[in-house]
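Visitor: What follows is a single structure, and I will ask about it in a moment.
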Amino acid sequence: RHNTIDNAMLSMLSTPTRLWLMRKFINGAIYLKHTLTGRVPVHQVYDTLLPVLHHHHPPADDGSAPSDLTPVALPARVYMPEGEGPFPLVIFFHGGGFVMCSIESHDSVCRSISSKSGCVVISVEYRLAPEYPFPVPVEDAYASFVYLHAHAGEFKADPNIIILAGDSAGGNLSIVCSQLASQRNGPKLKGMVLIYPSTDLGGTGVHYPSYDGPSVGLKKEHRELFMQCYLQNENDKFDLRASPIMASDDTLRLSPPTLVITADLDRLRDPGEAYAQKLTHADVPVELKRYDGVGHGFLAMNPSEGEQALSLIGEWIKATLQQEGGGGDKGEQTLA
């Protein structure tokens with residue numbers, strides 16, 4: 001007889017225990033996938049630490065960056081194409097509801113993006129809630145963005161050709177980093193890649209139709225648990241760093257060209273597409289692609305549609321950089 005834990009039993013457990021079980025499940029699934037399918041070949045992959053300066057307090061009312069900075073070492077994984085460079089740089093933030101996953105869980109995605117785009121990809125492991133709740137992951141992400149811009153040359157990357165990318169919670173962090181860069185006079189971006197992004201943590205008060213539709217990969221109770229762990233109080237959801245879809249047209253207009261990928265059977269489908277529509281209304285170049293018949297996390301769970309989406313990402317990055325006058329192959333890539 002199999003011993004299983006259903007959602008009703010899971011809800012009876014304490015929050016730390018529920019998170020522990022979910023994190024263990026994710027780690028086991030990752031190990032199984034890598035064992036069965038292997039890893040996408042990339043010329044060079046290595047781990048490092050990013051000694052970033054972390055903004056401990058939020059910015060001042062005028063939007064200026066806080067003055068008190070705390071050094072933090074964030075793990076990161078670097079995916080390097082073959083050649084001399086400098087290469088375009090993709091900074092990737094993983095999903096996981098701000099409470100789980102890591103650079104290891106999204107290793108295959110980052111390998112594919114680097115292979116298909118010819119870019120250096122650096123995957124950043126920001127700190128997770130509930131141990132480090134909002135806005136710590138936001139400030140970790142932004143601090144790593146600033147650091148990698150300043151030290152791009154150490155990774156054979158061009159500091160003037162940077163794209164932010166992420167899935168789910170990582171898509172949220174990518175958007176917020178873009179908006180903070182505009183507010184804090186930070187690095188300029190060439191593009192963003194948002195994969196079923198979490199754009200609204202409840203700040204708008206909108207009940208999107210996809211919340212009530214069929215959902216695969218992200219259940220209502222899971223998202224509620226994630227938000228309970230991530231947001232410290234009810235007011236946090238109204239912060240633009242939590243619900244970036246609430247940004248004004250003037251702020252959105254400063255966004256770079258953006259690719260938005262959504263999933264048909266995903267609770268986050270409608271808020272993700274609503275954000276794409278707001279960007280379009282603000283005259284930002286946007287490509288929106290919905291994949292039918294798949295749910296949240298399909299890049300890892302649905303090999304066919306996942307491969308299609310990863311190919312689209314690689315093609316979109318190349319085309320966007322050519323239009324922007326940056327990028328292009330800096331060396332012939334040979335995969336080992």
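So you can find residues: chains in the structure tokens are A, B, ... in the order shown, residues in each start at 1, and ligands are numbered from 1 in order.
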Excluding same-chain residues fewer than 5 positions from A:Gly297, what lies within 9 Å of it counting only C-alpha atoms, as a list in words?
Guide: Gly95, Asp167, Ser168, Ile195, Tyr196, Val216, Gly217, Leu218, Ala263, Asp266, Asn302 and Gly306 of chain A
Visitor: Using 10 Å as the limit and counting only C-alpha atoms, can you tabulate each residue of stretch 111-204 of chain A that touches stretch 228-232 of chain A, with its shortest atom-to-atom distance in Å and the two atoms involved, as a Markdown table?
Guide:
```
| residue | atom | partner | partner_atom | distance |
| --- | --- | --- | --- | --- |
| A:Leu128 | CA | A:Tyr230 | CA | 8.2 |
| A:Ala129 | CA | A:Tyr230 | CA | 5.2 |
| A:Pro130 | CA | A:Cys229 | CA | 4.7 |
| A:Glu131 | CA | A:Cys229 | CA | 8.5 |
| A:Tyr132 | CA | A:Tyr230 | CA | 7.9 |
| A:Pro133 | CA | A:Tyr230 | CA | 4.8 |
| A:Phe134 | CA | A:Leu231 | CA | 5.5 |
| A:Pro135 | CA | A:Leu231 | CA | 8.2 |
| A:Val136 | CA | A:Tyr230 | CA | 9.5 |
| A:Pro137 | CA | A:Tyr230 | CA | 9.2 |
| A:Leu201 | CA | A:Leu231 | CA | 9.1 |
```
Visitor: Rank A:Tyr208, A:Ala242, A:Ser178, A:Glu287 by their smallest atom-to-atom distance to A:Ser255, using only C-alpha atoms, and report the top residue only.
Guide: A:Ser178
Visitor: Between A:Asp270, A:Val42, A:Phe226, A:Ile317, which one has atoms that come closest to A:Leu89, using only C-alpha atoms?
Guide: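 Selected residue with least distance to A:Leu89: A:Ile317.
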Visitor: Please provide the set of residues having any atom within 12 Å of A:Asp292, restricted to only C-alpha atoms, with same-chain residues fewer than 3 positions apart removed, written as a ChimeraX atom specification.
Guide: /A:216,261-266,269,289,295-296,298,302,304-306,309
Visitor: Write the residues of the preceding selection, restricted to N, CA, C and O atoms, as a tab-separated table (two decimals), in the first residue's frame.
Guide:
```
chain	number	residue	atom	x	y	z
A	216	VAL	N	-2.63	23.76	-13.99
A	216	VAL	CA	-1.68	22.67	-13.90
A	216	VAL	C	-0.34	23.24	-13.46
A	216	VAL	O	0.15	24.23	-14.02
A	261	ILE	N	6.10	34.95	-22.20
A	261	ILE	CA	5.61	33.60	-22.50
A	261	ILE	C	4.63	33.19	-21.40
A	261	ILE	O	4.95	33.30	-20.21
A	262	THR	N	3.44	32.76	-21.81
A	262	THR	CA	2.45	32.31	-20.85
A	262	THR	C	1.98	30.90	-21.19
A	262	THR	O	2.23	30.41	-22.29
A	263	ALA	N	1.29	30.28	-20.22
A	263	ALA	CA	0.78	28.92	-20.39
A	263	ALA	C	-0.73	28.94	-20.27
A	263	ALA	O	-1.29	29.60	-19.40
A	264	ASP	N	-1.38	28.21	-21.14
A	264	ASP	CA	-2.84	28.17	-21.21
A	264	ASP	C	-3.47	27.75	-19.89
A	264	ASP	O	-4.43	28.38	-19.41
A	265	LEU	N	-2.95	26.70	-19.26
A	265	LEU	CA	-3.55	26.13	-18.05
A	265	LEU	C	-2.77	26.58	-16.81
A	265	LEU	O	-2.25	25.79	-16.04
A	266	ASP	N	-2.69	27.90	-16.64
A	266	ASP	CA	-1.86	28.47	-15.58
A	266	ASP	C	-2.61	29.60	-14.90
A	266	ASP	O	-3.16	30.49	-15.57
A	269	ARG	N	-1.56	33.04	-16.02
A	269	ARG	CA	-1.69	33.39	-17.44
A	269	ARG	C	-2.22	34.81	-17.64
A	269	ARG	O	-1.60	35.63	-18.34
A	289	LYS	N	3.57	35.27	-26.35
A	289	LYS	CA	3.32	33.93	-26.88
A	289	LYS	C	2.70	33.06	-25.80
A	289	LYS	O	3.29	32.84	-24.74
A	295	GLY	N	0.68	23.83	-18.57
A	295	GLY	CA	0.51	24.59	-17.35
A	295	GLY	C	1.79	25.25	-16.89
A	295	GLY	O	2.80	25.27	-17.59
A	296	HIS	N	1.72	25.79	-15.69
A	296	HIS	CA	2.85	26.48	-15.08
A	296	HIS	C	4.03	25.52	-14.96
A	296	HIS	O	3.89	24.36	-14.59
A	298	PHE	N	5.91	24.56	-17.56
A	298	PHE	CA	5.95	23.61	-18.68
A	298	PHE	C	7.31	23.52	-19.34
A	298	PHE	O	7.60	22.54	-20.03
A	302	ASN	N	7.02	19.72	-19.80
A	302	ASN	CA	6.51	19.32	-21.12
A	302	ASN	C	7.63	19.45	-22.15
A	302	ASN	O	7.87	20.54	-22.66
A	304	SER	N	8.17	18.76	-25.33
A	304	SER	CA	7.94	19.30	-26.67
A	304	SER	C	7.71	20.80	-26.63
A	304	SER	O	8.41	21.57	-27.31
A	305	GLU	N	6.72	21.23	-25.85
A	305	GLU	CA	6.43	22.66	-25.77
A	305	GLU	C	7.57	23.43	-25.09
A	305	GLU	O	7.86	24.57	-25.45
A	306	GLY	N	8.22	22.78	-24.13
A	306	GLY	CA	9.35	23.42	-23.48
A	306	GLY	C	10.48	23.71	-24.45
A	306	GLY	O	11.07	24.80	-24.44
A	309	ALA	N	9.54	26.63	-26.66
A	309	ALA	CA	9.66	27.92	-25.97
A	309	ALA	C	11.13	28.32	-25.83
A	309	ALA	O	11.47	29.50	-26.01
```
Visitor: At a cut-off of 8 Å, using only C-alpha atoms, what residues contact A:Val176? Leave out same-chain residues fewer than 6 positions from it and give the result as a PyMOL selection string.
Guide: chain A and resi 138+240-242+244
Visitor: Using only C-alpha atoms, which of the listed residues (A:Pro187, A:Gly170, A:Pro197, A:Pro88) sits closest to A:Ala276?
Guide: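 Answer, going by the shortest atom-to-atom distance: A:Pro197.
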